[in-house]
Every structure is written in C-alpha cells, then in structure tokens.
file query-v6.cif (mmCIF, C-alpha atoms)
data_query
loop_
_atom_site.label_atom_id
_atom_site.label_comp_id
_atom_site.auth_asym_id
_atom_site.auth_seq_id
_atom_site.Cartn_x
_atom_site.Cartn_y
_atom_site.Cartn_z
CA MET R 550 36.05 25.13 21.54
CA THR R 551 33.05 23.04 22.59
CA VAL R 552 31.74 23.06 19.01
CA THR R 553 35.14 21.86 17.76
CA ILE R 554 35.21 18.99 20.27
CA HIS R 555 31.69 17.89 19.29
CA PHE R 556 32.65 18.07 15.60
CA MET R 557 35.78 15.97 16.18
CA GLU R 558 33.80 13.39 18.18
CA ASP R 559 31.17 13.16 15.44
CA TRP R 560 33.88 12.80 12.78
CA GLU R 561 35.62 10.03 14.74
CA MET R 562 32.32 8.17 15.16
CA ARG R 563 31.57 8.44 11.45
CA SER R 564 35.10 7.28 10.52
CA ALA R 565 34.72 4.27 12.81
CA CYS R 566 31.37 3.56 11.20
CA PHE R 567 32.85 3.55 7.69
CA ASN R 568 35.75 1.35 8.80
CA CYS R 569 33.18 -1.34 9.65
CA CYS R 570 32.70 -2.08 5.95
CA VAL R 571 34.84 -5.18 5.86
CA PHE R 572 33.05 -8.28 4.60
CA GLY R 573 34.15 -11.88 4.71
CA GLY R 574 33.94 -14.14 1.68
CA GLY R 575 31.27 -16.28 3.33
CA LEU R 576 28.53 -13.71 2.74
CA PHE R 577 29.13 -13.47 -1.00
CA LYS R 578 29.72 -17.19 -1.52
CA THR R 579 26.27 -17.70 -0.01
CA LEU R 580 24.71 -15.11 -2.31
CA SER R 581 26.24 -16.62 -5.44
CA PRO R 582 24.26 -19.93 -5.44
CA ILE R 583 21.07 -18.04 -4.50
CA ILE R 584 21.49 -15.80 -7.55
CA CYS R 585 22.26 -18.84 -9.75
CA ILE R 586 18.98 -20.48 -8.68
CA GLU R 587 17.11 -17.23 -9.37
CA PHE R 588 18.76 -17.11 -12.80
CA ILE R 589 17.77 -20.68 -13.77
CA LEU R 590 14.16 -20.41 -12.57
CA GLY R 591 13.75 -16.89 -13.96
CA MET R 592 15.17 -17.82 -17.35
CA ILE R 593 12.82 -20.80 -17.68
CA GLY R 594 9.74 -19.00 -16.32
CA ASN R 595 10.13 -15.79 -18.30
CA GLY R 596 11.26 -17.59 -21.45
CA VAL R 597 8.07 -19.65 -21.40
CA ALA R 598 6.01 -16.55 -20.55
CA LEU R 599 7.41 -14.56 -23.48
CA TRP R 600 6.75 -17.50 -25.81
CA ILE R 601 3.12 -17.71 -24.62
CA PHE R 602 2.62 -13.93 -24.89
CA CYS R 603 4.05 -13.82 -28.42
CA PHE R 604 2.60 -16.95 -30.01
CA CYS R 605 -0.33 -18.24 -27.94
CA LEU R 606 -2.13 -15.40 -26.12
CA LYS R 607 -4.32 -13.54 -28.62
CA PRO R 608 -5.90 -11.03 -28.80
CA TRP R 609 -3.92 -8.84 -26.43
CA LYS R 610 -5.51 -6.56 -23.83
CA SER R 611 -4.02 -3.52 -22.10
CA SER R 612 -2.91 -5.57 -19.10
CA THR R 613 -1.30 -8.10 -21.48
CA VAL R 614 0.92 -5.33 -22.86
CA PHE R 615 2.10 -4.37 -19.37
CA LEU R 616 2.73 -7.99 -18.34
CA PHE R 617 4.66 -8.68 -21.56
CA ASN R 618 6.94 -5.73 -20.81
CA LEU R 619 7.33 -6.96 -17.24
CA ALA R 620 8.46 -10.36 -18.59
CA LEU R 621 10.83 -8.59 -21.00
CA ALA R 622 12.39 -6.60 -18.12
CA ASP R 623 12.83 -9.82 -16.13
CA PHE R 624 14.43 -11.57 -19.10
CA LEU R 625 16.96 -8.73 -19.48
CA LEU R 626 17.76 -9.03 -15.78
CA ASN R 627 18.44 -12.76 -16.14
CA VAL R 628 21.04 -12.05 -18.83
CA ILE R 629 23.09 -10.12 -16.24
CA LEU R 630 22.62 -12.37 -13.17
CA PRO R 631 25.38 -14.93 -14.02
CA PHE R 632 27.95 -12.12 -14.08
CA ARG R 633 26.69 -10.84 -10.72
CA ALA R 634 26.88 -14.37 -9.28
CA SER R 635 30.48 -14.64 -10.54
CA TYR R 636 31.28 -11.25 -8.98
CA TYR R 637 30.03 -12.37 -5.56
CA LEU R 638 31.65 -15.80 -5.83
CA MET R 639 35.02 -14.13 -6.34
CA GLY R 640 34.53 -12.00 -3.22
CA ARG R 641 33.28 -8.88 -5.02
CA ASP R 642 36.08 -8.87 -7.60
CA TRP R 643 34.82 -7.57 -10.97
CA ILE R 644 36.88 -8.91 -13.88
CA PHE R 645 34.70 -7.86 -16.83
CA GLY R 646 35.88 -4.27 -17.22
CA ASP R 647 34.46 -0.79 -16.63
CA ILE R 648 32.06 -0.62 -19.62
CA PHE R 649 30.35 -3.90 -18.81
CA CYS R 650 30.20 -2.87 -15.13
CA ARG R 651 28.20 0.21 -16.14
CA ILE R 652 25.91 -1.80 -18.43
CA SER R 653 25.25 -4.49 -15.82
CA LEU R 654 24.44 -1.97 -13.07
CA PHE R 655 22.19 -0.07 -15.48
CA MET R 656 20.28 -3.25 -16.38
CA LEU R 657 19.93 -4.30 -12.73
CA ALA R 658 18.54 -0.88 -11.79
CA MET R 659 16.37 -0.75 -14.91
CA ASN R 660 14.78 -4.10 -14.06
CA ARG R 661 14.02 -3.02 -10.50
CA CYS R 662 12.49 0.29 -11.58
CA GLY R 663 10.71 -1.19 -14.61
CA SER R 664 9.26 -4.12 -12.63
CA ILE R 665 7.91 -1.78 -9.98
CA LEU R 666 6.30 0.53 -12.56
CA PHE R 667 4.78 -2.25 -14.69
CA LEU R 668 3.34 -4.04 -11.63
CA THR R 669 1.88 -0.68 -10.59
CA ALA R 670 0.41 -0.20 -14.08
CA VAL R 671 -1.22 -3.65 -13.90
CA ALA R 672 -2.75 -2.82 -10.50
CA VAL R 673 -4.09 0.52 -11.80
CA ASP R 674 -5.52 -1.22 -14.88
CA ARG R 675 -7.41 -3.72 -12.68
CA PHE R 676 -8.56 -0.88 -10.41
CA LEU R 677 -10.06 1.10 -13.30
CA ARG R 678 -11.83 -1.95 -14.77
CA VAL R 679 -13.39 -2.99 -11.46
CA VAL R 680 -14.02 0.29 -9.61
CA HIS R 681 -14.52 2.61 -12.61
CA PRO R 682 -15.73 0.31 -15.42
CA HIS R 683 -16.93 3.24 -17.58
CA HIS R 684 -13.70 5.22 -17.40
CA PRO R 685 -12.39 6.31 -20.84
CA LEU R 686 -9.02 4.64 -20.14
CA ASN R 687 -10.73 1.24 -20.12
CA SER R 688 -11.49 1.61 -23.83
CA MET R 689 -7.89 2.54 -24.66
CA SER R 690 -6.63 0.61 -27.68
CA VAL R 691 -3.69 -1.78 -27.56
CA ARG R 692 -1.67 0.66 -29.67
CA LYS R 693 -2.17 3.43 -27.11
CA THR R 694 -1.31 0.99 -24.31
CA VAL R 695 1.94 0.20 -26.13
CA GLY R 696 2.57 3.96 -26.14
CA ALA R 697 1.98 4.03 -22.37
CA ALA R 698 4.42 1.12 -21.96
CA CYS R 699 7.02 3.04 -24.00
CA ALA R 700 6.48 6.03 -21.68
CA ILE R 701 7.12 3.75 -18.67
CA TRP R 702 10.35 2.52 -20.29
CA ALA R 703 11.37 6.14 -20.95
CA LEU R 704 10.75 7.02 -17.29
CA THR R 705 12.67 3.93 -16.19
CA ILE R 706 15.66 4.73 -18.38
CA SER R 707 15.66 8.39 -17.29
CA GLN R 708 15.95 7.29 -13.65
CA THR R 709 18.75 4.80 -14.28
CA ALA R 710 20.71 6.17 -17.29
CA HIS R 711 23.20 7.99 -15.02
CA LEU R 712 24.69 4.58 -14.20
CA VAL R 713 25.96 4.30 -17.79
CA PHE R 714 27.75 7.67 -17.76
CA ASP R 715 29.57 7.38 -14.42
CA MET R 716 32.47 5.12 -13.51
CA HIS R 717 31.62 2.56 -10.82
CA ILE R 718 34.85 0.58 -10.71
CA THR R 719 36.49 0.94 -7.29
CA PRO R 720 39.87 -0.63 -6.39
CA SER R 721 39.73 -2.40 -3.02
CA GLY R 722 42.97 -4.15 -2.03
CA ASN R 723 43.64 -6.89 -4.57
CA SER R 724 40.09 -6.79 -5.97
CA THR R 725 38.00 -4.42 -8.07
CA GLN R 726 34.48 -3.63 -6.91
CA CYS R 727 31.55 -2.84 -9.21
CA GLU R 728 28.75 -1.16 -7.25
CA SER R 729 26.22 1.51 -8.18
CA PHE R 730 27.03 3.19 -4.87
CA GLN R 731 29.07 2.30 -1.81
CA ILE R 732 26.81 1.88 1.19
CA CYS R 733 29.75 2.77 3.43
CA GLU R 734 30.53 6.08 1.75
CA LYS R 735 30.16 9.35 3.62
CA SER R 736 26.89 11.23 3.20
CA THR R 737 27.36 13.31 0.03
CA PHE R 738 24.87 14.87 -2.35
CA TYR R 739 25.11 11.89 -4.74
CA PHE R 740 24.73 9.46 -1.82
CA THR R 741 21.60 11.26 -0.57
CA TRP R 742 20.15 11.65 -4.09
CA HIS R 743 20.68 7.97 -4.97
CA LYS R 744 19.07 6.75 -1.76
CA SER R 745 16.18 9.19 -2.15
CA ILE R 746 15.44 7.92 -5.67
CA PHE R 747 15.86 4.30 -4.53
CA VAL R 748 13.36 4.72 -1.69
CA PHE R 749 10.90 7.13 -3.37
CA SER R 750 10.61 4.93 -6.48
CA PHE R 751 9.31 2.15 -4.23
CA TYR R 752 7.07 3.77 -1.61
CA LEU R 753 4.98 5.84 -4.03
CA PRO R 754 4.11 2.80 -6.23
CA LEU R 755 3.51 0.76 -3.04
CA ALA R 756 0.96 3.33 -1.86
CA ILE R 757 -0.75 3.26 -5.29
CA ILE R 758 -0.90 -0.56 -5.38
CA LEU R 759 -2.26 -0.81 -1.82
CA PHE R 760 -4.86 1.87 -2.56
CA CYS R 761 -5.98 0.07 -5.73
CA THR R 762 -6.14 -3.30 -3.95
CA ILE R 763 -8.16 -2.01 -0.99
CA ARG R 764 -10.60 -0.17 -3.27
CA ILE R 765 -11.07 -3.26 -5.46
CA ILE R 766 -11.78 -5.52 -2.47
CA THR R 767 -14.19 -3.09 -0.79
CA GLN R 768 -15.98 -2.34 -4.07
CA LEU R 769 -16.55 -6.01 -4.82
CA LYS R 770 -17.74 -6.77 -1.30
CA ASN R 771 -20.15 -3.83 -1.35
CA ARG R 772 -21.59 -5.12 -4.61
CA GLN R 773 -21.63 -8.67 -3.18
CA MET R 774 -19.79 -9.86 -6.26
CA ASP R 775 -16.88 -11.57 -4.49
CA LYS R 776 -18.46 -15.03 -4.97
CA ASP R 777 -18.51 -14.83 -8.77
CA GLN R 778 -15.81 -17.04 -10.36
CA ARG R 779 -14.48 -14.32 -12.65
CA ILE R 780 -14.39 -11.76 -9.85
CA ARG R 781 -12.64 -14.19 -7.52
CA ARG R 782 -10.01 -14.71 -10.20
CA THR R 783 -9.47 -10.94 -10.36
CA LEU R 784 -9.09 -10.82 -6.58
CA ARG R 785 -6.56 -13.64 -6.58
CA PHE R 786 -4.62 -11.92 -9.35
CA ILE R 787 -4.38 -8.54 -7.60
CA ILE R 788 -3.44 -10.20 -4.28
CA VAL R 789 -0.63 -12.13 -6.03
CA VAL R 790 0.62 -8.82 -7.51
CA VAL R 791 0.72 -7.24 -4.03
CA VAL R 792 2.47 -10.25 -2.44
CA VAL R 793 5.16 -10.43 -5.16
CA PHE R 794 5.70 -6.67 -5.05
CA PHE R 795 5.96 -6.57 -1.26
CA LEU R 796 8.13 -9.69 -0.90
CA CYS R 797 10.67 -8.69 -3.54
CA PHE R 798 11.05 -4.96 -2.98
CA PHE R 799 10.03 -4.08 0.59
CA PRO R 800 12.92 -5.76 2.50
CA SER R 801 15.69 -3.96 0.58
CA ASN R 802 13.93 -0.59 0.87
CA LEU R 803 13.33 -1.02 4.59
CA THR R 804 16.98 -1.99 5.13
CA GLN R 805 18.06 0.98 3.01
CA VAL R 806 16.07 3.41 5.18
CA VAL R 807 17.42 1.91 8.43
CA ILE R 808 21.03 2.14 7.14
CA TRP R 809 20.43 5.73 6.05
CA ILE R 810 19.16 6.65 9.53
CA LYS R 811 22.04 4.75 11.15
CA VAL R 812 24.73 6.47 9.07
CA THR R 813 23.22 9.95 9.42
CA PHE R 814 22.06 10.06 13.04
CA TYR R 815 23.60 7.14 14.94
CA PRO R 816 27.14 6.50 13.65
CA GLY R 817 29.34 4.15 15.61
CA ASN R 818 28.60 0.71 17.07
CA CYS R 819 30.39 -1.30 14.42
CA GLU R 820 28.63 -4.60 15.13
CA ASP R 821 25.14 -3.21 14.48
CA TYR R 822 26.32 -1.50 11.32
CA MET R 823 27.84 -4.67 9.88
CA VAL R 824 24.64 -6.62 10.61
CA LEU R 825 22.61 -4.03 8.70
CA GLN R 826 24.98 -4.15 5.74
CA THR R 827 24.84 -7.94 5.62
CA LEU R 828 21.03 -7.70 5.62
CA PHE R 829 21.27 -5.16 2.82
CA PHE R 830 23.11 -7.53 0.49
CA TYR R 831 20.71 -10.40 1.24
CA THR R 832 17.64 -8.19 0.71
CA ILE R 833 19.09 -6.85 -2.55
CA SER R 834 19.25 -10.46 -3.77
CA LEU R 835 15.49 -10.65 -3.04
CA THR R 836 14.89 -7.96 -5.65
CA TYR R 837 16.28 -10.40 -8.24
CA LEU R 838 13.69 -12.91 -7.02
CA ASN R 839 10.96 -10.94 -8.78
CA SER R 840 12.12 -12.43 -12.10
CA THR R 841 11.38 -15.86 -10.60
CA LEU R 842 8.03 -14.95 -9.02
CA ASP R 843 6.57 -12.80 -11.81
CA PRO R 844 5.60 -15.91 -13.85
CA ILE R 845 3.20 -16.70 -10.98
CA VAL R 846 1.55 -13.33 -11.69
CA TYR R 847 1.15 -14.32 -15.36
CA TYR R 848 -0.28 -17.70 -14.32
CA PHE R 849 -3.06 -16.03 -12.32
CA TYR R 850 -3.61 -13.32 -14.94
CA SER R 851 -5.65 -15.32 -17.43
CA PRO R 852 -7.32 -18.76 -17.56
CA ILE R 853 -5.96 -19.04 -21.11
CA PHE R 854 -2.41 -18.55 -19.84
CA LYS R 855 -3.05 -21.14 -17.13
CA LYS R 856 -4.46 -23.67 -19.63
CA ILE R 857 -1.49 -23.24 -21.96
CA CYS R 858 0.95 -23.80 -19.09
CA GLN R 859 -0.92 -26.89 -17.93
CA LYS R 860 -1.10 -28.23 -21.50
CA GLN R 861 2.65 -27.79 -22.06
CA LEU R 862 3.49 -29.38 -18.70
CA LYS R 863 1.32 -32.40 -19.56
CA ARG R 864 3.02 -32.68 -22.95
CA LEU R 865 6.47 -32.61 -21.32
CA TRP R 866 5.33 -35.16 -18.74
CA LYS R 867 4.13 -37.52 -21.49
CA LYS R 868 7.42 -37.15 -23.38
CA ALA R 869 9.28 -38.03 -20.18
CA GLU R 870 7.04 -41.08 -19.63
CA VAL R 871 7.56 -42.53 -23.13
CA PRO R 872 11.31 -43.26 -22.77
CA ALA R 873 10.65 -44.74 -19.32
CA GLU R 874 8.01 -47.09 -20.80
CA GLU R 875 10.36 -48.04 -23.66
CA ASP R 876 13.13 -48.87 -21.18
CA GLN R 877 10.71 -50.97 -19.16
CA THR R 878 9.61 -52.81 -22.35
CA ARG R 879 13.23 -53.51 -23.29
CA ASP R 880 13.94 -54.85 -19.79
CA THR R 881 10.88 -57.11 -19.95
CA GLY R 882 11.91 -58.40 -23.40
CA SER R 883 15.44 -59.10 -22.19
CA GLN R 884 14.12 -61.07 -19.23
CA THR R 885 11.85 -63.12 -21.54
CA LEU R 886 14.73 -63.97 -23.89
CA THR R 887 16.89 -64.96 -20.92
CA GLN R 888 14.19 -67.31 -19.66
CA LEU R 889 13.89 -68.87 -23.13
#
call {"tool": "encode", "arguments": {"input": "query-v6.cif", "output": "structure tokens"}}
result
Amino acid sequence: MTVTIHFMEDWEMRSACFNCCVFGGGLFKTLSPIICIEFILGMIGNGVALWIFCFCLKPWKSSTVFLFNLALADFLLNVILPFRASYYLMGRDWIFGDIFCRISLFMLAMNRCGSILFLTAVAVDRFLRVVHPHHPLNSMSVRKTVGAACAIWALTISQTAHLVFDMHITPSGNSTQCESFQICEKSTFYFTWHKSIFVFSFYLPLAIILFCTIRIITQLKNRQMDKDQRIRRTLRFIIVVVVVFFLCFFPSNLTQVVIWIKVTFYPGNCEDYMVLQTLFFYTISLTYLNSTLDPIVYYFYSPIFKKICQKQLKRLWKKAEVPAEEDQTRDTGSQTLTQL
C-alpha cells in the first residue's frame, strides 16, 4: 500500500512537471532574429573562408584539411538556419513537411557533431606537432588526412543518421512541431539514449582538447619557447579553438545535464522547470553561433589566411571609397558651375 502511494505521488509529480512545457511566443520571436544574425554572419564568414581555402591557400597541410571540412559543415548549417528561424518566428509551427523536417534536424545535428570532432582533430594535430614533433602522424600526407576527414564524416553521420529515418513531426494544438526530441517527454529508452549521445559527444572531445591545450602550454614554457613569434601564434590559435568550443557547446550541454537531473530525480516545481527549458532553447541557439565564430579560428590559423583577409578587406574599402570620392567631385563641380 505504501509503495503504491509513493508510486502515485511520483507519477503525479512527473505529470505536473511535463505539463509545465507551455511556452509563450515571446521566447521564439526573440530567438528568430538571433538565428537570422548568425545566418548572415556565418554565410559571409564561411563563404569567404571556403573561397580562400579553395583558391588562395596552397599548399594544404593536415590542419588545413580539417579546417576546410569545419567550414564546409558550418556552410551546410547556414543553409538550414533560415528555416529554423521561420519555425521559431511562427511559434514553433513547422510548415515545410515531414521529409524536410528530418533533413533539417539531421543537418543541425550533423553540424554540431562534425564541428566538435573537427575542432578536436585540429587540437590533436597541434598537440602532436608541438609536443611530439617526431611522431609518424606528423608526416601523414594530405591524401591520408583527407581519408581521416572522411572517417570523421562517417562517424558524424553514423551518430545522426537516425534523425532521417524517424518521424519528428508532432501535432501541438493548431501548430506542428519539428524537434529531434521533446525535452518534456517522459524518460524512455530513446530519451535516455539521445541525451547520453548528446552529452557524451561533447565531454569526451572537451577533455581531449583541454588535455592537448594544457600539454602544449606546459611544453612550450618548459622549453622557454613561448616568446618566439611562431610559437606565440600557435598558442593564440589553440586558445581561440578552446574558447570557441567552450562558448558554443558547453552551455547547451550543461543545461541538458541539469534538465536530465531535474526530470529524473526532482520532478515538480513548475517554475524552475520552465526556467531551465527556456535556458535550453537559448543555449541551443549558441551552438549555431559556432558557424559565426569559426572564421575567427581560420583567421588565427595561418598568417597567409590573415593576409588574404586583410588584403580583400582593403580592396573592398577602396571600392567603397571611390564612389564616395566621385560623388564629392560631382558636388564640387556643381557648386563651381552654380557660382559661375
């Protein structure tokens, strides 16, 4: 009897917890312009980066291959972002059909997973070159590095392909939701598996990147090489990789873990639960920010990349100045004719 009462109380608390998943339109109308800004900046930044990688940056190195694939993953993400912004603007009402819902969720998840893995590969590459300069992997050809990049894509697709084969359209009142999983759903095997993959695919690469960064810094300081210009550039590059990785992916994973604990062990207290879910949607939008910030990684990667960016910016600045000077000349000429 006592067990039954406790079970009923736990069930009522969980039901109350899941009934808290009611969101106002204000949250999603705020997310929509944020995603639009990420789309514009990401499209420009990664478009320029892909152009530089393909036509200006030669010869390629192993790290160049990984960064090119990172830019490619970001570009694919930017193709989907306008549809996600529209979805949020309409109050989470998906109007593009089931097939495109599956494709968009697959590409969003693929970008997240691919970005994490390629940033990790870049950190490992720097680690081997600085800490173990005579390691056989450092002499790996570009062709073999392309093979490693293909293996990373295969791993990425294997972790996210299930999103293409399952239906994710969920009717909700007068709207249709398109979500890879409902954060308010009861704890099922799929719910637990999805969250485990989501969290594990971040914390393991995070540990690898932090390990590589700490070893690089300590190794350079022990050798007293941290004052060399080239070495300082390597340090700045690896620190930028860590900052971008942490800023874009840590908040959503931390929120995910807290929600998981809340749903599993501390159901109830609707106000706290709704705050956590609101944070979840905002932190998920930060994962899209990586497509905007990754061009900063490319900028610090190579002085050649930096010079090309600066050269193109100067060229655009001069083109913008020429019409302004012509307008000023016309105005001066008009004033002279008027005086005559």
call {"tool": "closest_residue", "arguments": {"input": "query-v6.cif", "among": "R:Ser581, R:Leu712, R:Thr669, R:Trp600", "to": "Phe632 (chain R)", "atoms": "all atoms listed in the file"}}
result
R:Ser581
call {"tool": "resolve_selection", "arguments": {"input": "query-v6.cif", "expression": "the PyMOL selection byres ((chain R and resi 592-597) around 7)", "output": "PDB file with C-alpha atoms, in the frame of the given file"}}
result
ATOM      1  CA  PHE R 588      18.760 -17.110 -12.800  1.00  0.00           C
ATOM      2  CA  ILE R 589      17.770 -20.680 -13.770  1.00  0.00           C
ATOM      3  CA  LEU R 590      14.160 -20.410 -12.570  1.00  0.00           C
ATOM      4  CA  GLY R 591      13.750 -16.890 -13.960  1.00  0.00           C
ATOM      5  CA  ALA R 598       6.010 -16.550 -20.550  1.00  0.00           C
ATOM      6  CA  LEU R 599       7.410 -14.560 -23.480  1.00  0.00           C
ATOM      7  CA  TRP R 600       6.750 -17.500 -25.810  1.00  0.00           C
ATOM      8  CA  ILE R 601       3.120 -17.710 -24.620  1.00  0.00           C
ATOM      9  CA  ALA R 620       8.460 -10.360 -18.590  1.00  0.00           C
ATOM     10  CA  ASP R 623      12.830  -9.820 -16.130  1.00  0.00           C
ATOM     11  CA  PHE R 624      14.430 -11.570 -19.100  1.00  0.00           C
ATOM     12  CA  ASN R 627      18.440 -12.760 -16.140  1.00  0.00           C
ATOM     13  CA  THR R 841      11.380 -15.860 -10.600  1.00  0.00           C
ATOM     14  CA  PRO R 844       5.600 -15.910 -13.850  1.00  0.00           C
TER      15      PRO R 844
END
call {"tool": "atom_distance", "arguments": {"input": "query-v6.cif", "atom1": "CA of Leu838 (chain R)", "atom2": "CA of Val793 (chain R)"}}
result
9.1 Å
call {"tool": "atom_distance", "arguments": {"input": "query-v6.cif", "atom1": "CA of Tyr850 (chain R)", "atom2": "CA of Leu677 (chain R)"}}
result
15.9 Å
call {"tool": "resolve_selection", "arguments": {"input": "query-v6.cif", "expression": "the PyMOL selection byres ((chain R and resi 752) around 12)", "output": "short mmCIF file (atom, residue, chain, number, x, y, z; two decimals) with C-alpha atoms, in the coordinates of the input"}}
result
data_model
loop_
_atom_site.label_atom_id
_atom_site.label_comp_id
_atom_site.auth_asym_id
_atom_site.auth_seq_id
_atom_site.Cartn_x
_atom_site.Cartn_y
_atom_site.Cartn_z
CA CYS R 662 12.49 0.29 -11.58
CA ILE R 665 7.91 -1.78 -9.98
CA LEU R 666 6.30 0.53 -12.56
CA THR R 669 1.88 -0.68 -10.59
CA SER R 745 16.18 9.19 -2.15
CA ILE R 746 15.44 7.92 -5.67
CA PHE R 747 15.86 4.30 -4.53
CA VAL R 748 13.36 4.72 -1.69
CA PHE R 749 10.90 7.13 -3.37
CA SER R 750 10.61 4.93 -6.48
CA PHE R 751 9.31 2.15 -4.23
CA LEU R 753 4.98 5.84 -4.03
CA PRO R 754 4.11 2.80 -6.23
CA LEU R 755 3.51 0.76 -3.04
CA ALA R 756 0.96 3.33 -1.86
CA ILE R 757 -0.75 3.26 -5.29
CA ILE R 758 -0.90 -0.56 -5.38
CA LEU R 759 -2.26 -0.81 -1.82
CA PHE R 794 5.70 -6.67 -5.05
CA PHE R 795 5.96 -6.57 -1.26
CA PHE R 798 11.05 -4.96 -2.98
CA PHE R 799 10.03 -4.08 0.59
CA PRO R 800 12.92 -5.76 2.50
CA SER R 801 15.69 -3.96 0.58
CA ASN R 802 13.93 -0.59 0.87
CA LEU R 803 13.33 -1.02 4.59
CA VAL R 806 16.07 3.41 5.18
#
call {"tool": "closest_residue", "arguments": {"input": "query-v6.cif", "among": "R:Ile845, R:Ala672, R:Leu654, R:Ile701", "to": "Ile629 (chain R)", "atoms": "only C-alpha atoms"}}
result
R:Leu654
call {"tool": "closest_residue", "arguments": {"input": "query-v6.cif", "among": "R:His681, R:Lys860, R:Arg779, R:Arg661", "to": "Leu626 (chain R)", "atoms": "all atoms listed in the file"}}
result
R:Arg661
call {"tool": "resolve_selection", "arguments": {"input": "query-v6.cif", "expression": "the PyMOL selection byres ((chain R and resi 789) around 12)", "output": "list of chain:residue names"}}
result
R:Leu668, R:Val671, R:Ala672, R:Ile758, R:Thr762, R:Arg782, R:Thr783, R:Leu784, R:Arg785, R:Phe786, R:Ile787, R:Ile788, R:Val790, R:Val791, R:Val792, R:Val793, R:Phe794, R:Phe795, R:Leu796, R:Asn839, R:Leu842, R:Asp843, R:Pro844, R:Ile845, R:Val846, R:Tyr847, R:Tyr848, R:Phe849, R:Tyr850
call {"tool": "atom_distance", "arguments": {"input": "query-v6.cif", "atom1": "CA of Ile652 (chain R)", "atom2": "CA of Thr694 (chain R)"}}
result
28.0 Å
call {"tool": "closest_residue", "arguments": {"input": "query-v6.cif", "among": "R:Trp742, R:Asn687, R:Phe645, R:Met659", "to": "Leu621 (chain R)", "atoms": "all atoms listed in the file"}}
result
R:Met659
call {"tool": "closest_residue", "arguments": {"input": "query-v6.cif", "among": "R:Phe655, R:His684, R:Leu704, R:Gly663", "to": "Met716 (chain R)", "atoms": "only C-alpha atoms"}}
result
R:Phe655
call {"tool": "decode", "arguments": {"input": "query-v6.cif", "residues": "region 783-799 of chain R", "atoms": "N, CA and C atoms", "output": "compact mmCIF listing (two decimals), in the first residue's frame"}}
result
# COMPACT_ATOMS: atom_id res chain seq x y z
N THR R 783 50.94 29.89 -32.51
CA THR R 783 50.35 28.58 -32.24
C THR R 783 49.54 28.61 -30.95
N LEU R 784 50.08 29.27 -29.93
CA LEU R 784 49.37 29.38 -28.65
C LEU R 784 48.05 30.13 -28.81
N ARG R 785 48.11 31.26 -29.53
CA ARG R 785 46.88 32.04 -29.75
C ARG R 785 45.85 31.21 -30.50
N PHE R 786 46.32 30.44 -31.48
CA PHE R 786 45.40 29.63 -32.28
C PHE R 786 44.70 28.58 -31.42
N ILE R 787 45.46 27.84 -30.62
CA ILE R 787 44.86 26.77 -29.81
C ILE R 787 43.95 27.34 -28.73
N ILE R 788 44.28 28.52 -28.20
CA ILE R 788 43.42 29.17 -27.20
C ILE R 788 42.10 29.61 -27.84
N VAL R 789 42.16 30.13 -29.07
CA VAL R 789 40.94 30.51 -29.79
C VAL R 789 40.06 29.28 -30.03
N VAL R 790 40.67 28.15 -30.38
CA VAL R 790 39.91 26.91 -30.58
C VAL R 790 39.17 26.52 -29.30
N VAL R 791 39.85 26.59 -28.17
CA VAL R 791 39.24 26.23 -26.87
C VAL R 791 38.09 27.18 -26.54
N VAL R 792 38.31 28.47 -26.72
CA VAL R 792 37.28 29.47 -26.38
C VAL R 792 36.03 29.28 -27.24
N VAL R 793 36.21 29.11 -28.55
CA VAL R 793 35.07 28.90 -29.45
C VAL R 793 34.34 27.61 -29.10
N PHE R 794 35.08 26.56 -28.85
CA PHE R 794 34.49 25.26 -28.50
C PHE R 794 33.67 25.38 -27.21
N PHE R 795 34.26 25.99 -26.20
CA PHE R 795 33.62 26.09 -24.89
C PHE R 795 32.40 27.00 -24.95
N LEU R 796 32.53 28.16 -25.61
CA LEU R 796 31.44 29.13 -25.66
C LEU R 796 30.24 28.60 -26.40
N CYS R 797 30.46 27.88 -27.50
CA CYS R 797 29.36 27.43 -28.34
C CYS R 797 28.66 26.17 -27.82
N PHE R 798 29.42 25.25 -27.24
CA PHE R 798 28.86 23.94 -26.94
C PHE R 798 28.67 23.64 -25.45
N PHE R 799 29.41 24.32 -24.58
CA PHE R 799 29.29 24.00 -23.15
C PHE R 799 27.94 24.40 -22.56
